[in-house]
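S.K.: Starting off with a structure, shown below.
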Amino acid sequence: MDYLKIQGIDSLNGTIQISGAKNASLPLIAMTILAKNKVSLKNLPHVADINTLLKLLSNLGAVCTTDETSTIIDTSTLNQTKATYDIVKTMRASILVLGPILARFGHCEVSLPGGCAIGQRPIDLHLKALEHMGAKIDIKSGYVQATAPNGLKGCEIIFDKITVTGTANIVMAAALADGATTITNAAREPEVVQLCEVLNNSGVTIEGIGTAVITVHGTNGKLINIDEFSIIPDRIEAGTYLCAGAITNSELTLKNVNAKHLGAVLSKLEEMGNKFTITPDTITIHPTANLKPVKIITQEYPAFPTDMQAQFLALATQAHGVSIIEERLFENRFMHVSELQRMGADITLNGHVATVNGKNELSGTDVMATDLRASSALVLAALVADGETDIHRIYHLDRGYDSLEKKLQAVGATIQRLKE
Ligand code: UD1
């Protein structure tokens, strides 16, 4: 197993190229199940979750080929409709194949994903919405068994809660349904927007893209032609490197980034005293010696993303004063707190609210990554800790960060990937 060794007290300087967004790529790969042509995707990030989903599609019979710049997916050969436990257990987002497979074949089986490190993460809203569309759903032997022998029917869906993969799943199911499906309380994340835009450019008319009410006009079972497209930049990766600049008091330029997707993150960094220069596809963060404390509540887009909570918690340890960070989306998403405390962070956890009493002198030690974003919080803390930090179980990090150690090395960090 790999681990990262990071030498602290580095100041960084230089440019980091941001990769394509993992959370945009996953639904867009699943979407290729709806295509009648071979689909070419550009700017997919090199991260484990993408390989997992491509493997799942290959297991189902699709042919996926990758060259330097693009991945081509041919789902015309798809001949299986069961997403098995061995893959789904490694990546919950495998549930994204449910909507498109059901829409195309009229039946689909997907292993129930179960809980995960950050909370229960049920899929009840996905299933309820598919039932509204006419699917029959059974849960048997740990699998969701969905059938719709007469196809899915357009209808009105009101999500009780905003769900990102739930919205993506239903948009994809609705794309081949008979008639129009209106989703109220839809997710507005840029990743959902890109899915809708690509479908809209492929002959599936979608109204209300980027709003909380989306109407998808289905093709009544006709597969669609999808032209080549490029994945949007990863706003969470970008946000993480902005935190790396802020925590090390450095000047860093991010390239291939869309500042419009980072509104809440940039606004919180500004509140902490950071300054930026922004162009249409770059953001430069300037050095800031005295970080101010911050109050954050994680919520759905466009509010502050839960996927940046752990990184800001690490950053808050270097701010002068009391920061309060409230997690509203996932009940167990503070596993990184105990690891940060072991490095010397003064954090008090009360339910889903973390209070950080900064500024803390952090010191390097052995720490364990517990989930994807928690891992990057430990990397940030290690960059400013006194001495050396070994971060174990970085397979979590590899799920979502493309070449993290190489990108950080290139801007001056002392970071190595080693074998246990
Ligand atoms: C997606 C992102 C993840 C991010 C999360 C919230 C992907 C691949 N993952 O996850 O990085 O942290 O959005 O922004 O895009 N819920 C239910 N029932 C459901 C579905 C969700 O109760 O059927 C609840 C969840 O437990 C959670 C909330 O709704 O409390 C939001 O979850 P959701 O938006 O579905 O998260 P994911 O799509 O799994």
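Each chain of the structure tokens is named A, B, ... in the order shown, its residues numbered from 1; ligands are numbered from 1 in display order.
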What lies within 12 Å of Leu408 in chain A using only C-alpha atoms, ignoring chain neighbours under 6 positions off, as a tab-separated table (two decimals) with N, CA and C atoms, in the first residue's frame?

M.R.:
chain	number	residue	atom	x	y	z
A	4	LEU	N	2.07	8.72	1.77
A	4	LEU	CA	2.75	9.97	1.41
A	4	LEU	C	3.61	10.42	2.56
A	6	ILE	N	5.46	13.80	3.79
A	6	ILE	CA	5.47	15.24	3.50
A	6	ILE	C	6.32	15.96	4.55
A	7	GLN	N	7.22	16.79	4.06
A	7	GLN	CA	8.05	17.60	4.95
A	7	GLN	C	7.37	18.96	5.09
A	10	ASP	N	6.84	24.27	4.15
A	10	ASP	CA	7.22	24.63	2.79
A	10	ASP	C	6.44	25.86	2.36
A	11	SER	N	7.12	26.71	1.61
A	11	SER	CA	6.36	27.76	0.94
A	11	SER	C	6.30	27.33	-0.53
A	12	LEU	N	5.14	27.48	-1.13
A	12	LEU	CA	4.97	26.99	-2.50
A	12	LEU	C	5.02	28.16	-3.48
A	13	ASN	N	5.30	27.85	-4.72
A	13	ASN	CA	5.29	28.90	-5.73
A	13	ASN	C	5.21	28.27	-7.11
A	14	GLY	N	4.31	28.76	-7.93
A	14	GLY	CA	4.25	28.23	-9.29
A	14	GLY	C	2.83	28.03	-9.77
A	15	THR	N	2.71	27.15	-10.75
A	15	THR	CA	1.43	26.97	-11.44
A	15	THR	C	0.97	25.51	-11.36
A	16	ILE	N	-0.30	25.32	-11.11
A	16	ILE	CA	-0.88	23.97	-11.07
A	16	ILE	C	-1.99	23.88	-12.11
A	17	GLN	N	-1.90	22.84	-12.92
A	17	GLN	CA	-2.92	22.59	-13.94
A	17	GLN	C	-4.04	21.76	-13.29
A	18	ILE	N	-5.26	22.28	-13.34
A	18	ILE	CA	-6.38	21.57	-12.73
A	18	ILE	C	-6.93	20.53	-13.72
A	240	THR	N	-9.00	22.83	-3.29
A	240	THR	CA	-7.98	22.23	-2.40
A	240	THR	C	-6.64	22.93	-2.60
A	241	TYR	N	-6.26	23.18	-3.87
A	241	TYR	CA	-4.97	23.85	-4.12
A	241	TYR	C	-5.02	25.33	-3.72
A	242	LEU	N	-6.20	25.94	-3.77
A	242	LEU	CA	-6.29	27.32	-3.24
A	242	LEU	C	-6.03	27.29	-1.75
A	244	ALA	N	-4.14	25.14	-0.31
A	244	ALA	CA	-2.69	24.89	-0.17
A	244	ALA	C	-1.93	26.21	-0.25
A	245	GLY	N	-2.35	27.09	-1.17
A	245	GLY	CA	-1.72	28.41	-1.27
A	245	GLY	C	-1.96	29.20	0.00
A	252	LEU	N	0.20	31.02	-5.73
A	252	LEU	CA	-0.02	29.87	-6.61
A	252	LEU	C	-0.98	30.28	-7.70
A	254	LEU	N	-3.58	28.71	-10.52
A	254	LEU	CA	-4.26	27.52	-11.01
A	254	LEU	C	-4.69	27.78	-12.44
A	376	SER	N	-7.14	14.98	1.82
A	376	SER	CA	-6.49	16.21	1.35
A	376	SER	C	-6.34	17.21	2.49
A	379	VAL	N	-3.09	16.37	3.99
A	379	VAL	CA	-1.98	16.87	3.16
A	379	VAL	C	-1.75	18.35	3.46
A	380	LEU	N	-2.83	19.12	3.53
A	380	LEU	CA	-2.71	20.56	3.79
A	380	LEU	C	-2.06	20.80	5.15
A	383	LEU	N	1.64	20.15	5.14
A	383	LEU	CA	2.47	21.15	4.46
A	383	LEU	C	2.98	22.21	5.44
A	401	TYR	N	-7.98	12.58	-6.59
A	401	TYR	CA	-6.98	13.61	-6.92
A	401	TYR	C	-6.01	13.06	-7.95
A	402	ASP	N	-5.94	13.74	-9.08
A	402	ASP	CA	-5.08	13.34	-10.20
A	402	ASP	C	-3.66	13.83	-9.91
A	414	THR	N	7.82	19.32	-0.54
A	414	THR	CA	8.63	18.12	-0.37
A	414	THR	C	7.68	16.99	-0.02
A	415	ILE	N	7.28	16.26	-1.03
A	415	ILE	CA	6.27	15.23	-0.85
A	415	ILE	C	6.64	14.03	-1.70
A	416	GLN	N	6.60	12.86	-1.08
A	416	GLN	CA	6.97	11.65	-1.81
A	416	GLN	C	5.92	10.58	-1.61
A	417	ARG	N	5.71	9.79	-2.65
A	417	ARG	CA	4.84	8.59	-2.52
A	417	ARG	C	5.76	7.40	-2.27

S.K.: Just want the residues within 9 Å of ligand 1, written as a PyMOL selection string, counting only C-alpha atoms and all ligand atoms.

M.R.: chain A and resi 22-27+91-94+96+119-128+159-168+187+189+191-192+236+298-301+305-308+328-331+372-373

S.K.: Using DSSP assignments from the backbone, pull out every residue in range 107-320 of chain A that falls under strand (DSSP E or B) and give it to me as a VMD selection string.

M.R.: chain A and resid 107 to 111 116 119 136 to 140 143 to 147 153 156 to 158 178 180 to 184 206 to 207 213 to 217 224 229 to 230 233 251 to 255 275 to 279 282 to 286 295 to 297

S.K.: Looking only at alpha helix (DSSP H) from DSSP on the backbone, list the matching residues of range 210-405 of chain A as a VMD selection string.

M.R.: chain A and resid 235 to 247 263 to 271 309 to 316 335 to 342 372 to 384 395 to 398 404 to 405

S.K.: For CA of Tyr85 in chain A and CA of Ser111 in chain A, determine how far apart the two atoms are, in Å to one decimal place.

M.R.: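 Taking CA of Tyr85 in chain A and CA of Ser111 in chain A, their separation equals 5.1 Å.
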
S.K.: Which residues are near range 262-271 of chain A? Cut-off 7 Å, only C-alpha atoms, ignore same chain within fewer than 6 positions. Put them as a ChimeraX atom specification.

M.R.: /A:235,239,294,302-304

S.K.: Fewer than 5 positions away in the same chain doesn't count, so skip those; otherwise give me all residues within 10 Å of Leu340 in chain A, counting only C-alpha atoms, as a list in words.

M.R.: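 Selected residues are Leu313, Ala314, Thr317, Met335, Ala345, Asp346, Ile347, Leu362, Ser363, Val367, Met368, Ala374, Ala377, Leu378, Ala381 and Ala382 of chain A.
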
S.K.: Go ahead and write the residues just picked, N, CA and C atoms, as an mmCIF file, in the first residue's frame.

M.R.:
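Okay, again_5.cif is ready:
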data_model
loop_
_atom_site.group_PDB
_atom_site.id
_atom_site.type_symbol
_atom_site.label_atom_id
_atom_site.label_comp_id
_atom_site.auth_asym_id
_atom_site.auth_seq_id
_atom_site.Cartn_x
_atom_site.Cartn_y
_atom_site.Cartn_z
ATOM 1 N N LEU A 313 -11.224 23.076 7.352
ATOM 2 C CA LEU A 313 -10.951 22.786 8.763
ATOM 3 C C LEU A 313 -9.440 22.818 8.991
ATOM 4 N N ALA A 314 -8.695 22.211 8.071
ATOM 5 C CA ALA A 314 -7.227 22.241 8.180
ATOM 6 C C ALA A 314 -6.734 23.690 8.103
ATOM 7 N N THR A 317 -7.038 25.876 11.211
ATOM 8 C CA THR A 317 -6.056 25.691 12.310
ATOM 9 C C THR A 317 -4.947 26.741 12.221
ATOM 10 N N MET A 335 -14.258 12.659 10.316
ATOM 11 C CA MET A 335 -13.279 11.641 10.730
ATOM 12 C C MET A 335 -11.855 12.208 10.746
ATOM 13 N N ALA A 345 -3.906 20.063 16.348
ATOM 14 C CA ALA A 345 -5.003 21.011 16.096
ATOM 15 C C ALA A 345 -5.899 21.111 17.323
ATOM 16 N N ASP A 346 -6.346 22.336 17.610
ATOM 17 C CA ASP A 346 -7.249 22.566 18.744
ATOM 18 C C ASP A 346 -8.673 22.655 18.173
ATOM 19 N N ILE A 347 -9.299 21.483 18.054
ATOM 20 C CA ILE A 347 -10.647 21.410 17.454
ATOM 21 C C ILE A 347 -11.585 20.736 18.451
ATOM 22 N N LEU A 362 1.248 22.983 14.392
ATOM 23 C CA LEU A 362 1.057 21.561 14.059
ATOM 24 C C LEU A 362 2.413 20.867 13.984
ATOM 25 N N SER A 363 2.419 19.584 14.354
ATOM 26 C CA SER A 363 3.674 18.847 14.213
ATOM 27 C C SER A 363 3.426 17.552 13.452
ATOM 28 N N VAL A 367 -0.387 9.719 10.268
ATOM 29 C CA VAL A 367 -1.843 9.897 10.289
ATOM 30 C C VAL A 367 -2.474 9.002 9.219
ATOM 31 N N MET A 368 -3.767 8.798 9.374
ATOM 32 C CA MET A 368 -4.467 7.870 8.517
ATOM 33 C C MET A 368 -5.560 8.610 7.744
ATOM 34 N N ALA A 374 -11.050 14.042 3.382
ATOM 35 C CA ALA A 374 -10.311 14.045 4.644
ATOM 36 C C ALA A 374 -8.817 13.891 4.362
ATOM 37 N N ALA A 377 -7.220 17.133 3.493
ATOM 38 C CA ALA A 377 -7.057 18.003 4.670
ATOM 39 C C ALA A 377 -5.760 17.644 5.392
ATOM 40 N N LEU A 378 -5.438 16.361 5.446
ATOM 41 C CA LEU A 378 -4.202 15.936 6.119
ATOM 42 C C LEU A 378 -2.980 16.393 5.322
ATOM 43 N N ALA A 381 -2.518 20.073 6.159
ATOM 44 C CA ALA A 381 -1.954 20.238 7.508
ATOM 45 C C ALA A 381 -0.470 19.865 7.502
ATOM 46 N N ALA A 382 -0.140 18.795 6.779
ATOM 47 C CA ALA A 382 1.254 18.334 6.737
ATOM 48 C C ALA A 382 2.170 19.365 6.096
#

S.K.: Looking at only C-alpha atoms, which of A:Glu237, A:Glu109, A:Asp86, A:Asp2 is the one that sits closest to Leu56 in chain A?

M.R.: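 Using only C-alpha atoms, Leu56 in chain A sits closest to A:Asp86.
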
S.K.: Just how far from CA of Glu68 in chain A is CA of Ala83 in chain A, in Å to one decimal?

M.R.: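 Between CA of Ala83 in chain A and CA of Glu68 in chain A the gap works out to 28.2 Å.
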
S.K.: Just checking: using only C-alpha atoms, which residue out of A:Asp390, A:Lys295, A:Pro190, A:Glu156 ends up closest to Lys260 in chain A?

M.R.: A:Pro190

S.K.: Would you pick out the contacts of Asn274 in chain A at 8 Å or less, using only C-alpha atoms, so that residues sharing its chain but fewer than 2 positions from it are not included, and give the list as a VMD selection string?

M.R.: chain A and resid 246 269 to 272 276 285 to 288 291

S.K.: Pick from A:Lys222, A:His336, A:Lys89, A:Lys407: nearest to Ser375 in chain A, with only C-alpha atoms counted?

M.R.: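 Ranking A:Lys222, A:His336, A:Lys89, A:Lys407 by distance to Ser375 in chain A, first place goes to A:His336.
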
S.K.: Leaving out His217 in chain A and any residue of its chain fewer than 5 positions from it, which residues lie within 12 Å of it when counting only C-alpha atoms, given as a list in words?

M.R.: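 So the residues in contact are Lys153, Gly154, Cys155, Val171, Met172, Ala173, Ala174, Ala175, Leu176, Ala177, Asp178, Gly179, Ala180, Thr181, Thr182, Ile183, Cys196, Leu199, Asn200, Ser202, Gly203, Val204, Thr205, Ile206, Glu207, Gly208 and Lys222 of chain A.
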
S.K.: Those residues with N, CA and C atoms, as a CSV table (one decimal), in the first residue's frame please?

M.R.:
chain,number,residue,atom,x,y,z
A,153,LYS,N,-42.0,6.2,-18.0
A,153,LYS,CA,-42.9,7.3,-18.4
A,153,LYS,C,-42.5,8.6,-17.8
A,154,GLY,N,-42.6,9.7,-18.6
A,154,GLY,CA,-42.3,11.0,-18.0
A,154,GLY,C,-43.4,11.3,-16.9
A,155,CYS,N,-42.9,12.1,-15.9
A,155,CYS,CA,-43.9,12.4,-14.8
A,155,CYS,C,-43.3,13.6,-14.0
A,171,VAL,N,-32.3,12.3,-14.5
A,171,VAL,CA,-32.1,13.0,-15.8
A,171,VAL,C,-31.8,12.0,-16.9
A,172,MET,N,-30.9,11.1,-16.6
A,172,MET,CA,-30.5,10.1,-17.6
A,172,MET,C,-31.7,9.1,-17.9
A,173,ALA,N,-32.4,8.7,-16.9
A,173,ALA,CA,-33.5,7.8,-17.1
A,173,ALA,C,-34.6,8.6,-17.9
A,174,ALA,N,-34.8,9.8,-17.6
A,174,ALA,CA,-35.8,10.6,-18.3
A,174,ALA,C,-35.5,10.9,-19.7
A,175,ALA,N,-34.2,10.9,-20.0
A,175,ALA,CA,-33.7,11.2,-21.4
A,175,ALA,C,-34.3,10.2,-22.4
A,176,LEU,N,-34.5,8.9,-22.0
A,176,LEU,CA,-35.1,8.0,-22.9
A,176,LEU,C,-36.6,7.6,-22.6
A,177,ALA,N,-37.2,8.4,-21.6
A,177,ALA,CA,-38.5,8.0,-21.2
A,177,ALA,C,-39.5,8.5,-22.3
A,178,ASP,N,-40.8,8.1,-22.1
A,178,ASP,CA,-41.9,8.5,-23.0
A,178,ASP,C,-42.5,9.7,-22.3
A,179,GLY,N,-42.3,10.9,-23.0
A,179,GLY,CA,-42.8,12.1,-22.5
A,179,GLY,C,-41.9,12.9,-21.6
A,180,ALA,N,-42.4,14.0,-21.0
A,180,ALA,CA,-41.6,14.9,-20.3
A,180,ALA,C,-41.5,14.6,-18.8
A,181,THR,N,-40.4,14.7,-18.2
A,181,THR,CA,-40.2,14.5,-16.7
A,181,THR,C,-39.8,15.8,-16.1
A,182,THR,N,-40.5,16.3,-15.1
A,182,THR,CA,-40.1,17.5,-14.5
A,182,THR,C,-39.6,17.2,-13.1
A,183,ILE,N,-38.4,17.6,-12.8
A,183,ILE,CA,-37.7,17.3,-11.5
A,183,ILE,C,-37.7,18.6,-10.7
A,196,CYS,N,-26.6,17.9,-18.1
A,196,CYS,CA,-27.8,18.3,-18.8
A,196,CYS,C,-27.4,19.0,-20.2
A,199,LEU,N,-26.5,16.4,-22.8
A,199,LEU,CA,-27.7,15.7,-23.3
A,199,LEU,C,-28.6,16.6,-24.2
A,200,ASN,N,-28.6,17.9,-23.8
A,200,ASN,CA,-29.4,18.9,-24.5
A,200,ASN,C,-28.8,19.1,-25.9
A,202,SER,N,-27.4,16.8,-27.5
A,202,SER,CA,-27.5,15.5,-28.1
A,202,SER,C,-28.9,15.1,-28.5
A,203,GLY,N,-29.8,16.1,-28.5
A,203,GLY,CA,-31.2,15.9,-29.0
A,203,GLY,C,-32.2,15.6,-27.9
A,204,VAL,N,-31.8,15.7,-26.6
A,204,VAL,CA,-32.7,15.5,-25.5
A,204,VAL,C,-33.0,16.9,-25.0
A,205,THR,N,-34.1,17.5,-25.3
A,205,THR,CA,-34.4,18.9,-24.9
A,205,THR,C,-34.6,18.9,-23.4
A,206,ILE,N,-33.8,19.8,-22.8
A,206,ILE,CA,-33.9,20.0,-21.3
A,206,ILE,C,-34.1,21.4,-21.0
A,207,GLU,N,-35.2,21.7,-20.3
A,207,GLU,CA,-35.5,23.1,-19.9
A,207,GLU,C,-35.1,23.3,-18.4
A,208,GLY,N,-34.7,24.5,-18.1
A,208,GLY,CA,-34.4,24.9,-16.7
A,208,GLY,C,-33.0,24.4,-16.2
A,222,LYS,N,-35.5,6.0,-27.9
A,222,LYS,CA,-34.5,6.1,-29.0
A,222,LYS,C,-33.2,6.5,-28.4
